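One structure is given here, and the rest of the page talks about it.
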Amino acid sequence: GDGSIFVFFFRIRRPPRSTLFPDTTLFRSFNETELYALLATEQLLEGVQPGFLSPWIGPLKGRIRKLLEHGGHHSKTVTSRIRLQPMAQRPVKEKLFGQVAGAVLEERQLEIKYHGRQRAKTSQRRIHPYRLLHYRDNWYVDAWCHTREALRSFAIDSIESVKLLESAAKTVSEETLDQEFMGGYGIFGGKAVDTAVLRFSPESARWVANETWHPEQKSEFDEAGYYRLEVPYSHPRELMMDILKHGHEVEVLAPDELKQLVQKELEQARANYS
């Protein structure tokens, strides 16, 4: 039924039974605070996906709202006080998103027409999709690409057309996918090839010290209050963007190649204002 997703995600936890909702069975093990949290989570999910999960999320939301109202509280209070503010979000066609998501879940190959922004070229690709990724307000699909004969991440908004193939996707272990897509920095996959050593000013450190740039990062404060951050990466492009947004508040200490790339970018930017 429409409660199956709820049971699946929350089967592992059995909190004290709530007395607010004695007539319920599916949700009776959850207290009022947890139900508010669930409704808040549902709002977040509804905001970041382009409709693919609506058939399941809608009925589940209705059930949770009814349970909240049994306790004398208005569910509208929750929904009206949760707001998502997307940044640089690129629209995705709902039908196309559904086709890609379906192929991921059914483990089917896809033939896609893909526009690569870096080279400004459109090409036909045959891919084995494995995972959907929502990253920095945009959707990607991690897949094996026949053209490149390697694992790649494809921006779904850059996919112009999709054809579902009968062939099953080749099997790739979760460990292999993690190594390929989580080893590098940000959206750029691949095993880390170098480590960036960054030094943030005490002022900038007030924010950066509480941020996770990479699961395997290392950090420490020096005696002067400067924050030293070490981040592994496979490709410098996205890392450079995150460095540059801190302006003069950060210095690249190593490696020399990254330091030179950042210096060149700053010099080119300065030339725009000469």
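Each chain of the structure tokens is named A, B, ... in the order shown, its residues numbered from 1; ligands are numbered from 1 in display order.
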
Excluding A:Val92 and residues on its chain fewer than 5 positions from it, collect all residues at most 7 Å away from it, counting only C-alpha atoms, and give them as a VMD selection string. chain A and resid 97 156 to 157

Long-range neighbours of stretch 260-273 of chain A as a ChimeraX atom specification, 12 Å cut-off, only C-alpha atoms, 5 positions minimum in chain: /A:196,198,235-248,250-255

Would you give me, as a ChimeraX atom specification, the residues in stretch 79-183 of chain A that DSSP reads as strand (DSSP E)? /A:108-116,121-135,138-145,150-155,159-168

If we count only C-alpha atoms and set the cut-off at 7 Å, which residues sit around A:Gly190, ignoring sequence neighbours fewer than 5 positions away in its own chain? Please answer as a PyMOL selection string. chain A and resi 180-181+183-184+234

Do you know which residues are at most 9 Å from stretch 204-219 of chain A counting only C-alpha atoms, after dropping those on the same chain fewer than 5 positions away, and could you put them as an MDAnalysis selection string? chainID A and resid 182:186 225:233 246 249:250

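Interatomic distance, atom CA of A:Ala143 to atom CA of A:Ala88: 23.7 Å.
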
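We find atom CA of A:Val100 and atom CA of A:Gln118 to be spaced 22.0 Å apart.
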
Hey, can you check how far atom CA of A:Pro86 sits from atom CA of A:Arg136?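 According to the coordinates, atom CA of A:Pro86 and atom CA of A:Arg136 are separated by 8.5 Å.
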
Quick one: which stretch 178-240 of chain A residues come within 8 Å of stretch 146-154 of chain A, and what is the nearest atom pair for each with the distance in Å to one decimal, counting only C-alpha atoms, rows ordered by chain and ascending number, as a tab-separated table?
```
residue	atom	partner	partner_atom	distance
A:Glu180	CA	A:Leu151	CA	7.4
A:Ile187	CA	A:Ser153	CA	7.6
A:Phe188	CA	A:Ser153	CA	7.9
A:Gly189	CA	A:Arg152	CA	7.5
```

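Distance check against A:Arg65 using only C-alpha atoms: of A:Leu164, A:Leu84, A:Val172, A:Ala40, the minimum falls on A:Ala40.
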